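A.B. asks: Handing over work-v3.pdb, PDB, C-alpha atoms.
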ATOM      1  CA  MET L   1     -22.918   1.429 -47.245
ATOM      2  CA  ALA L   2     -25.389   0.680 -44.481
ATOM      3  CA  ARG L   3     -24.797  -2.426 -42.384
ATOM      4  CA  LEU L   4     -27.677  -4.716 -41.456
ATOM      5  CA  VAL L   5     -27.086  -6.947 -38.406
ATOM      6  CA  PHE L   6     -29.165 -10.060 -37.791
ATOM      7  CA  LEU L   7     -29.478 -11.440 -34.267
ATOM      8  CA  GLY L   8     -30.728 -14.796 -33.033
ATOM      9  CA  ARG L   9     -32.772 -16.886 -35.448
ATOM     10  CA  LEU L  10     -32.695 -14.056 -38.002
ATOM     11  CA  GLU L  11     -29.037 -14.894 -38.608
ATOM     12  CA  ASP L  12     -30.029 -18.424 -39.631
ATOM     13  CA  ILE L  13     -32.641 -17.092 -42.038
ATOM     14  CA  ALA L  14     -30.161 -14.600 -43.525
ATOM     15  CA  GLY L  15     -27.397 -17.199 -43.615
ATOM     16  CA  VAL L  16     -24.932 -14.489 -42.515
ATOM     17  CA  PRO L  17     -24.571 -12.427 -39.314
ATOM     18  CA  ASP L  18     -24.566  -9.140 -41.215
ATOM     19  CA  LEU L  19     -24.907  -7.673 -44.653
ATOM     20  CA  THR L  20     -23.894  -4.373 -46.203
ATOM     21  CA  VAL L  21     -26.285  -2.653 -48.545
ATOM     22  CA  PRO L  22     -25.192   0.137 -50.889
ATOM     23  CA  LEU L  23     -27.216   3.283 -50.189
ATOM     24  CA  HIS L  24     -26.557   6.617 -51.886
ATOM     25  CA  ALA L  25     -29.158   8.629 -50.002
ATOM     26  CA  PRO L  26     -31.426   8.198 -46.982
ATOM     27  CA  THR L  27     -33.736   5.344 -47.905
ATOM     28  CA  ALA L  28     -36.986   4.162 -46.352
ATOM     29  CA  LEU L  29     -36.620   0.899 -44.432
ATOM     30  CA  ALA L  30     -39.356  -0.661 -46.547
ATOM     31  CA  ASP L  31     -37.318   0.061 -49.694
ATOM     32  CA  VAL L  32     -34.172  -1.426 -48.125
ATOM     33  CA  LEU L  33     -36.094  -4.598 -47.241
ATOM     34  CA  THR L  34     -37.389  -5.103 -50.774
ATOM     35  CA  THR L  35     -33.803  -5.549 -52.000
ATOM     36  CA  LEU L  36     -33.435  -8.672 -49.792
ATOM     37  CA  PRO L  37     -34.666 -12.223 -50.434
ATOM     38  CA  PRO L  38     -38.420 -12.411 -49.687
ATOM     39  CA  ALA L  39     -38.093 -14.966 -46.842
ATOM     40  CA  LEU L  40     -35.581 -12.717 -45.096
ATOM     41  CA  SER L  41     -37.410  -9.429 -45.607
ATOM     42  CA  GLU L  42     -40.615 -11.036 -44.336
ATOM     43  CA  ALA L  43     -38.856 -12.309 -41.195
ATOM     44  CA  LEU L  44     -37.194  -8.911 -40.589
ATOM     45  CA  ALA L  45     -40.542  -7.133 -40.824
ATOM     46  CA  GLY L  46     -42.142  -9.515 -38.286
ATOM     47  CA  PRO L  47     -44.195  -7.966 -35.476
ATOM     48  CA  LYS L  48     -41.889  -9.259 -32.714
ATOM     49  CA  VAL L  49     -38.696  -7.942 -34.300
ATOM     50  CA  ARG L  50     -37.335  -4.741 -32.763
ATOM     51  CA  LEU L  51     -34.818  -2.420 -34.367
ATOM     52  CA  ALA L  52     -31.759  -0.553 -33.200
ATOM     53  CA  ARG L  53     -30.104   2.075 -35.368
ATOM     54  CA  ASN L  54     -26.532   2.871 -34.330
ATOM     55  CA  GLY L  55     -27.164   1.336 -30.912
ATOM     56  CA  GLU L  56     -30.458   3.166 -30.217
ATOM     57  CA  LEU L  57     -33.847   1.461 -30.301
ATOM     58  CA  VAL L  58     -36.051   2.933 -33.023
ATOM     59  CA  ALA L  59     -39.541   2.308 -34.394
ATOM     60  CA  ALA L  60     -39.722   0.586 -37.778
ATOM     61  CA  ASN L  61     -42.632   2.736 -38.869
ATOM     62  CA  GLY L  62     -41.440   5.430 -41.260
ATOM     63  CA  LEU L  63     -37.772   4.709 -40.504
ATOM     64  CA  MET L  64     -35.221   6.206 -42.899
ATOM     65  CA  VAL L  65     -31.881   4.422 -43.194
ATOM     66  CA  ASN L  66     -28.824   6.598 -43.757
ATOM     67  CA  GLU L  67     -25.734   5.684 -45.715
ATOM     68  CA  ALA L  68     -23.441   4.806 -42.787
ATOM     69  CA  ASP L  69     -26.066   3.419 -40.400
ATOM     70  CA  GLU L  70     -25.801   0.138 -38.566
ATOM     71  CA  LEU L  71     -29.291  -1.288 -38.333
ATOM     72  CA  ALA L  72     -29.773  -4.286 -36.025
ATOM     73  CA  PHE L  73     -32.789  -6.583 -36.215
ATOM     74  CA  LEU L  74     -33.597  -7.957 -32.779
ATOM     75  CA  PRO L  75     -35.949 -10.933 -32.395
ATOM     76  CA  PRO L  76     -37.376 -11.866 -28.953
ATOM     77  CA  VAL L  77     -34.555 -12.171 -26.444
ATOM     78  CA  SER L  78     -33.810 -15.006 -24.041
ATOM     79  CA  GLY L  79     -31.077 -14.796 -21.457
ATOM     80  CA  GLY L  80     -30.288 -16.483 -18.177
TER      81      GLY L  80
ATOM     82  CA  MET F   1     -22.206   0.952  -7.125
ATOM     83  CA  ALA F   2     -23.128  -2.258  -8.906
ATOM     84  CA  ASP F   3     -20.566  -4.643 -10.379
ATOM     85  CA  VAL F   4     -21.963  -5.552 -13.800
ATOM     86  CA  ARG F   5     -20.075  -7.753 -16.244
ATOM     87  CA  LEU F   6     -20.600  -9.384 -19.597
ATOM     88  CA  ALA F   7     -18.332 -12.433 -19.380
ATOM     89  CA  LEU F   8     -16.948 -13.819 -22.632
ATOM     90  CA  THR F   9     -15.064 -16.627 -20.869
ATOM     91  CA  PRO F  10     -16.067 -18.959 -17.969
ATOM     92  CA  PHE F  11     -16.246 -17.472 -14.467
ATOM     93  CA  ASP F  12     -16.032 -19.053 -11.026
ATOM     94  CA  PRO F  13     -19.246 -18.367  -9.071
ATOM     95  CA  ALA F  14     -17.782 -19.475  -5.723
ATOM     96  CA  ALA F  15     -14.801 -17.133  -6.042
ATOM     97  CA  GLU F  16     -17.107 -14.294  -7.132
ATOM     98  CA  MET F  17     -19.387 -14.844  -4.119
ATOM     99  CA  THR F  18     -16.457 -14.932  -1.714
ATOM    100  CA  ALA F  19     -15.164 -11.628  -3.065
ATOM    101  CA  PHE F  20     -18.641 -10.059  -3.084
ATOM    102  CA  ALA F  21     -19.330 -11.079   0.535
ATOM    103  CA  ALA F  22     -15.947  -9.708   1.606
ATOM    104  CA  ALA F  23     -16.603  -6.411  -0.196
ATOM    105  CA  HIS F  24     -19.960  -6.007   1.578
ATOM    106  CA  GLY F  25     -19.155  -7.183   5.070
ATOM    107  CA  GLY F  26     -21.534  -4.580   6.496
ATOM    108  CA  ALA F  27     -24.578  -6.092   4.796
ATOM    109  CA  GLY F  28     -26.633  -8.380   7.003
ATOM    110  CA  GLY F  29     -27.709 -10.618   4.167
ATOM    111  CA  ILE F  30     -26.735 -11.638   0.662
ATOM    112  CA  VAL F  31     -29.044 -13.437  -1.739
ATOM    113  CA  SER F  32     -27.597 -14.985  -4.872
ATOM    114  CA  PHE F  33     -28.924 -16.786  -7.906
ATOM    115  CA  LEU F  34     -26.786 -18.964 -10.144
ATOM    116  CA  GLY F  35     -28.081 -20.145 -13.494
ATOM    117  CA  GLN F  36     -26.181 -23.010 -15.094
ATOM    118  CA  VAL F  37     -26.403 -25.148 -18.211
ATOM    119  CA  ARG F  38     -28.464 -28.232 -17.383
ATOM    120  CA  VAL F  39     -26.694 -31.566 -17.420
ATOM    121  CA  GLY F  40     -28.652 -34.260 -19.228
ATOM    122  CA  GLU F  41     -31.745 -33.914 -21.434
ATOM    123  CA  GLY F  42     -29.489 -34.453 -24.445
ATOM    124  CA  VAL F  43     -28.226 -30.870 -24.596
ATOM    125  CA  THR F  44     -24.566 -30.907 -25.601
ATOM    126  CA  ALA F  45     -23.980 -27.147 -25.767
ATOM    127  CA  LEU F  46     -25.695 -23.840 -25.199
ATOM    128  CA  GLU F  47     -24.759 -20.683 -27.038
ATOM    129  CA  LEU F  48     -25.562 -17.200 -25.824
ATOM    130  CA  ARG F  49     -25.159 -14.364 -28.269
ATOM    131  CA  HIS F  50     -25.183 -10.668 -27.495
ATOM    132  CA  TYR F  51     -25.167  -7.398 -29.405
ATOM    133  CA  GLU F  52     -22.315  -5.201 -28.268
ATOM    134  CA  PRO F  53     -24.012  -1.762 -28.504
ATOM    135  CA  LEU F  54     -27.021  -2.857 -26.415
ATOM    136  CA  THR F  55     -26.214  -5.774 -24.114
ATOM    137  CA  LEU F  56     -23.848  -4.384 -21.478
ATOM    138  CA  PRO F  57     -25.454  -0.902 -21.456
ATOM    139  CA  GLY F  58     -28.833  -2.644 -20.919
ATOM    140  CA  MET F  59     -27.442  -4.692 -18.006
ATOM    141  CA  ILE F  60     -26.004  -1.531 -16.423
ATOM    142  CA  ALA F  61     -29.404   0.192 -16.747
ATOM    143  CA  LEU F  62     -31.112  -2.842 -15.172
ATOM    144  CA  ALA F  63     -28.669  -2.763 -12.260
ATOM    145  CA  ALA F  64     -29.401   0.956 -11.770
ATOM    146  CA  SER F  65     -33.159   0.393 -11.703
ATOM    147  CA  THR F  66     -32.705  -2.522  -9.267
ATOM    148  CA  GLU F  67     -30.646  -0.314  -6.961
ATOM    149  CA  ALA F  68     -33.200   2.490  -7.247
ATOM    150  CA  ARG F  69     -35.973   0.146  -6.164
ATOM    151  CA  TRP F  70     -34.419  -1.460  -3.068
ATOM    152  CA  PRO F  71     -31.884  -0.147  -0.548
ATOM    153  CA  LEU F  72     -28.901  -2.343  -1.388
ATOM    154  CA  ALA F  73     -25.364  -2.351  -0.056
ATOM    155  CA  GLY F  74     -24.155  -3.998  -3.250
ATOM    156  CA  LEU F  75     -25.263  -5.703  -6.426
ATOM    157  CA  LEU F  76     -23.363  -8.171  -8.590
ATOM    158  CA  MET F  77     -24.500  -9.187 -12.055
ATOM    159  CA  ILE F  78     -22.415 -11.446 -14.321
ATOM    160  CA  HIS F  79     -23.830 -12.910 -17.540
ATOM    161  CA  ARG F  80     -21.975 -15.163 -19.963
ATOM    162  CA  SER F  81     -21.938 -14.890 -23.708
ATOM    163  CA  GLY F  82     -20.446 -17.514 -26.004
ATOM    164  CA  VAL F  83     -20.605 -21.303 -26.253
ATOM    165  CA  LEU F  84     -21.185 -23.055 -22.911
ATOM    166  CA  HIS F  85     -21.222 -26.699 -21.927
ATOM    167  CA  PRO F  86     -23.400 -28.609 -19.437
ATOM    168  CA  GLY F  87     -22.611 -27.662 -15.853
ATOM    169  CA  GLU F  88     -21.085 -24.279 -16.737
ATOM    170  CA  PRO F  89     -22.455 -21.137 -15.063
ATOM    171  CA  ILE F  90     -24.531 -18.821 -17.284
ATOM    172  CA  VAL F  91     -25.558 -16.069 -14.928
ATOM    173  CA  LEU F  92     -24.815 -14.985 -11.367
ATOM    174  CA  VAL F  93     -26.800 -12.301  -9.574
ATOM    175  CA  ALA F  94     -26.157 -11.372  -5.968
ATOM    176  CA  ALA F  95     -27.749  -8.643  -3.880
ATOM    177  CA  ALA F  96     -26.416  -7.516  -0.517
ATOM    178  CA  ALA F  97     -28.678  -5.602   1.837
ATOM    179  CA  ARG F  98     -29.164  -4.715   5.460
ATOM    180  CA  HIS F  99     -32.407  -6.733   5.479
ATOM    181  CA  ARG F 100     -32.925 -10.031   3.714
ATOM    182  CA  ARG F 101     -36.311  -9.222   2.123
ATOM    183  CA  ASP F 102     -34.741  -6.431   0.074
ATOM    184  CA  ALA F 103     -31.967  -8.772  -1.057
ATOM    185  CA  PHE F 104     -34.395 -11.553  -2.060
ATOM    186  CA  ALA F 105     -36.639  -9.160  -3.997
ATOM    187  CA  ALA F 106     -33.777  -7.372  -5.755
ATOM    188  CA  ALA F 107     -32.167 -10.630  -6.939
ATOM    189  CA  ASP F 108     -35.563 -11.931  -8.115
ATOM    190  CA  PHE F 109     -36.313  -8.689 -10.003
ATOM    191  CA  ALA F 110     -32.902  -8.603 -11.658
ATOM    192  CA  MET F 111     -33.161 -12.254 -12.768
ATOM    193  CA  ASP F 112     -36.664 -11.912 -14.222
ATOM    194  CA  HIS F 113     -35.455  -8.980 -16.311
ATOM    195  CA  LEU F 114     -32.209 -10.661 -17.391
ATOM    196  CA  LYS F 115     -34.204 -13.691 -18.492
ATOM    197  CA  SER F 116     -36.685 -12.027 -20.807
ATOM    198  CA  GLU F 117     -35.612  -8.428 -21.338
ATOM    199  CA  ALA F 118     -31.809  -8.315 -21.516
ATOM    200  CA  TRP F 119     -30.222  -8.356 -24.982
ATOM    201  CA  PHE F 120     -29.241 -12.013 -25.252
ATOM    202  CA  TRP F 121     -30.193 -14.709 -27.706
ATOM    203  CA  LYS F 122     -29.874 -18.323 -26.718
ATOM    204  CA  ARG F 123     -29.714 -21.523 -28.705
ATOM    205  CA  GLU F 124     -29.075 -25.083 -27.642
ATOM    206  CA  GLN F 125     -27.473 -27.978 -29.409
ATOM    207  CA  VAL F 126     -29.148 -31.380 -29.183
ATOM    208  CA  GLY F 127     -27.153 -33.960 -31.116
ATOM    209  CA  ALA F 128     -25.971 -32.100 -34.216
ATOM    210  CA  VAL F 129     -28.936 -29.716 -34.341
ATOM    211  CA  TRP F 130     -28.944 -26.134 -33.021
ATOM    212  CA  ARG F 131     -32.295 -24.684 -31.988
ATOM    213  CA  TRP F 132     -33.030 -21.084 -30.957
ATOM    214  CA  ILE F 133     -34.876 -20.687 -27.682
ATOM    215  CA  GLU F 134     -37.474 -17.968 -27.262
ATOM    216  CA  PRO F 135     -38.924 -16.927 -23.915
ATOM    217  CA  ARG F 136     -41.799 -18.981 -22.557
ATOM    218  CA  ASP F 137     -45.112 -17.393 -21.555
ATOM    219  CA  GLN F 138     -44.060 -18.065 -17.956
ATOM    220  CA  ASP F 139     -41.026 -15.796 -18.422
ATOM    221  CA  TYR F 140     -43.257 -12.916 -19.550
ATOM    222  CA  ALA F 141     -45.678 -13.617 -16.672
ATOM    223  CA  ASP F 142     -42.736 -13.493 -14.233
ATOM    224  CA  LEU F 143     -41.683 -10.151 -15.671
ATOM    225  CA  ALA F 144     -45.213  -8.723 -15.430
ATOM    226  CA  ARG F 145     -45.188  -9.242 -11.647
ATOM    227  CA  TRP F 146     -42.965  -6.180 -11.302
ATOM    228  CA  THR F 147     -45.027  -3.642 -13.258
TER     229      THR F 147
END
Just dump the structure as structure tokens.

C.D. replies:
Amino acid sequence: MARLVFLGRLEDIAGVPDLTVPLHAPTALADVLTTLPPALSEALAGPKVRLARNGELVAANGLMVNEADELAFLPPVSGG
Amino acid sequence: MADVRLALTPFDPAAEMTAFAAAHGGAGGIVSFLGQVRVGEGVTALELRHYEPLTLPGMIALAASTEARWPLAGLLMIHRSGVLHPGEPIVLVAAAARHRRDAFAAADFAMDHLKSEAWFWKREQVGAVWRWIEPRDQDYADLARWT
């Protein structure tokens, strides 16, 4: 089971803060996204959304998701 | 050594500044910035969210790069996460240095980066409606001054 974490406005689009997806082998990110509702997968693939896998920033391009990964989707930040 | 904290409950900026000044009595100057939730404008609450694996480590890295850039006697960085109400402090940055210019610049640098690069997401409640806030172009322009 990989865990997808949605930050900021992505949580509103997903309707939940996180989601587990059953994976049995390393799976391309694009294939993981196609299992989600279209509005959500489109938002997650947005150009301003960055990704962290197990707490490390990674590029979305060509990313493989492993069975026990935590993959966070990070929209533009705003602190202060 | 910087004092960097992700605060999940309210903090007292005055008490923090008193302690910071006492800890760095040798510094000639201390510059601080306090960000607080605006009172008025119809905002009833502000929520800051963070992502545990990235947020505090990112703040610690920012403090290290601030200290590498200016000769500081001390650096304090406290940022709230959670639901806040008007008048409550959000962020406190203080830089202590031998010379005031270094302290001003370091606090300014740290704040610009906390504002638009640290791992926080902010939304405000107006009436019953929550709205996510994304950085303004001005925030990115402020950040670009340091590159």

A.B. asks: Between F:Gly74, F:Gly127, F:Pro53, F:Gly58, which is the closest to chain L once you count only C-alpha atoms?

C.D. replies: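 Looking only at the distances to chain L, the closest residue turns out to be F:Pro53.
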
A.B. asks: Mind listing whatever residues come within 12 Å of the point (-38.0, -1.0, -47.0)? Use only C-alpha atoms, file coordinates, and give them as a PDB file with C-alpha atoms, keeping the file's coordinate frame.

C.D. replies:
ATOM      1  CA  VAL L  21     -26.285  -2.653 -48.545  1.00  0.00           C
ATOM      2  CA  PRO L  26     -31.426   8.198 -46.982  1.00  0.00           C
ATOM      3  CA  THR L  27     -33.736   5.344 -47.905  1.00  0.00           C
ATOM      4  CA  ALA L  28     -36.986   4.162 -46.352  1.00  0.00           C
ATOM      5  CA  LEU L  29     -36.620   0.899 -44.432  1.00  0.00           C
ATOM      6  CA  ALA L  30     -39.356  -0.661 -46.547  1.00  0.00           C
ATOM      7  CA  ASP L  31     -37.318   0.061 -49.694  1.00  0.00           C
ATOM      8  CA  VAL L  32     -34.172  -1.426 -48.125  1.00  0.00           C
ATOM      9  CA  LEU L  33     -36.094  -4.598 -47.241  1.00  0.00           C
ATOM     10  CA  THR L  34     -37.389  -5.103 -50.774  1.00  0.00           C
ATOM     11  CA  THR L  35     -33.803  -5.549 -52.000  1.00  0.00           C
ATOM     12  CA  LEU L  36     -33.435  -8.672 -49.792  1.00  0.00           C
ATOM     13  CA  PRO L  38     -38.420 -12.411 -49.687  1.00  0.00           C
ATOM     14  CA  SER L  41     -37.410  -9.429 -45.607  1.00  0.00           C
ATOM     15  CA  GLU L  42     -40.615 -11.036 -44.336  1.00  0.00           C
ATOM     16  CA  LEU L  44     -37.194  -8.911 -40.589  1.00  0.00           C
ATOM     17  CA  ALA L  45     -40.542  -7.133 -40.824  1.00  0.00           C
ATOM     18  CA  ALA L  60     -39.722   0.586 -37.778  1.00  0.00           C
ATOM     19  CA  ASN L  61     -42.632   2.736 -38.869  1.00  0.00           C
ATOM     20  CA  GLY L  62     -41.440   5.430 -41.260  1.00  0.00           C
ATOM     21  CA  LEU L  63     -37.772   4.709 -40.504  1.00  0.00           C
ATOM     22  CA  MET L  64     -35.221   6.206 -42.899  1.00  0.00           C
ATOM     23  CA  VAL L  65     -31.881   4.422 -43.194  1.00  0.00           C
TER      24      VAL L  65
END

A.B. asks: I need the contact residues of chain L against chain F, so if you could list those with any atom within 6 Å, counting only C-alpha atoms, and return them as an MDAnalysis selection string, that would help.

C.D. replies: chainID L and resid 8 55 77:80

A.B. asks: Work out how far CA of Thr44 in chain F is from CA of Glu11 in chain L, in Å to one decimal.

C.D. replies: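 So the answer is 21.1 Å.
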
A.B. asks: Separation of CA of Ala61 in chain F and CA of Arg38 in chain F, in Å?

C.D. replies: 28.4 Å

A.B. asks: Which value, in Å to one decimal, gives the distance between CA of Leu40 in chain L and CA of Asp137 in chain F?

C.D. replies: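 Value for the CA of Leu40 in chain L-CA of Asp137 in chain F distance: 25.8 Å.
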
A.B. asks: Might you pull out every residue within 6 Å of Ala96 in chain F, with all atoms listed in the file counted and same-chain residues fewer than 5 positions away left off, and present them as JSON, numbers by chain?

C.D. replies: {"F": [27, 29, 30, 72, 73, 74, 103]}

A.B. asks: Could you state which residues are captured by the PyMOL selection byres ((chain F and resi 32) around 10) in this file, as a list in words?

C.D. replies: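 Listing what the PyMOL selection byres ((chain F and resi 32) around 10) selects in the shown file: Pro13, Met17, Ile30, Val31, Phe33, Leu34, Leu75, Leu76, Met77, Leu92, Val93, Ala94, Ala95, Ala96, Ala103, Phe104, Ala106, Ala107 and Asp108 of chain F.
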
A.B. asks: From the options F:Ala141, F:Ala21, F:Ala45, F:Ala15, which residue's atoms come nearest to Val129 in chain F, counting all atoms listed in the file?

C.D. replies: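 Once distances to Val129 in chain F are computed over all atoms listed in the file, the minimum belongs to F:Ala45.
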
A.B. asks: Would you pick out the contacts of His24 in chain L at 9 Å or less, using all atoms listed in the file, so that residues sharing its chain but fewer than 6 positions from it are not included, and give the list as a PyMOL selection string?

C.D. replies: chain L and resi 1+66-67

A.B. asks: Could you check which of F:Glu67, F:Glu47, F:Asp142, F:Glu41 is closest to Asp3 in chain F, using only C-alpha atoms?

C.D. replies: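 Among the listed residues, the smallest separation from Asp3 in chain F belongs to F:Glu67.
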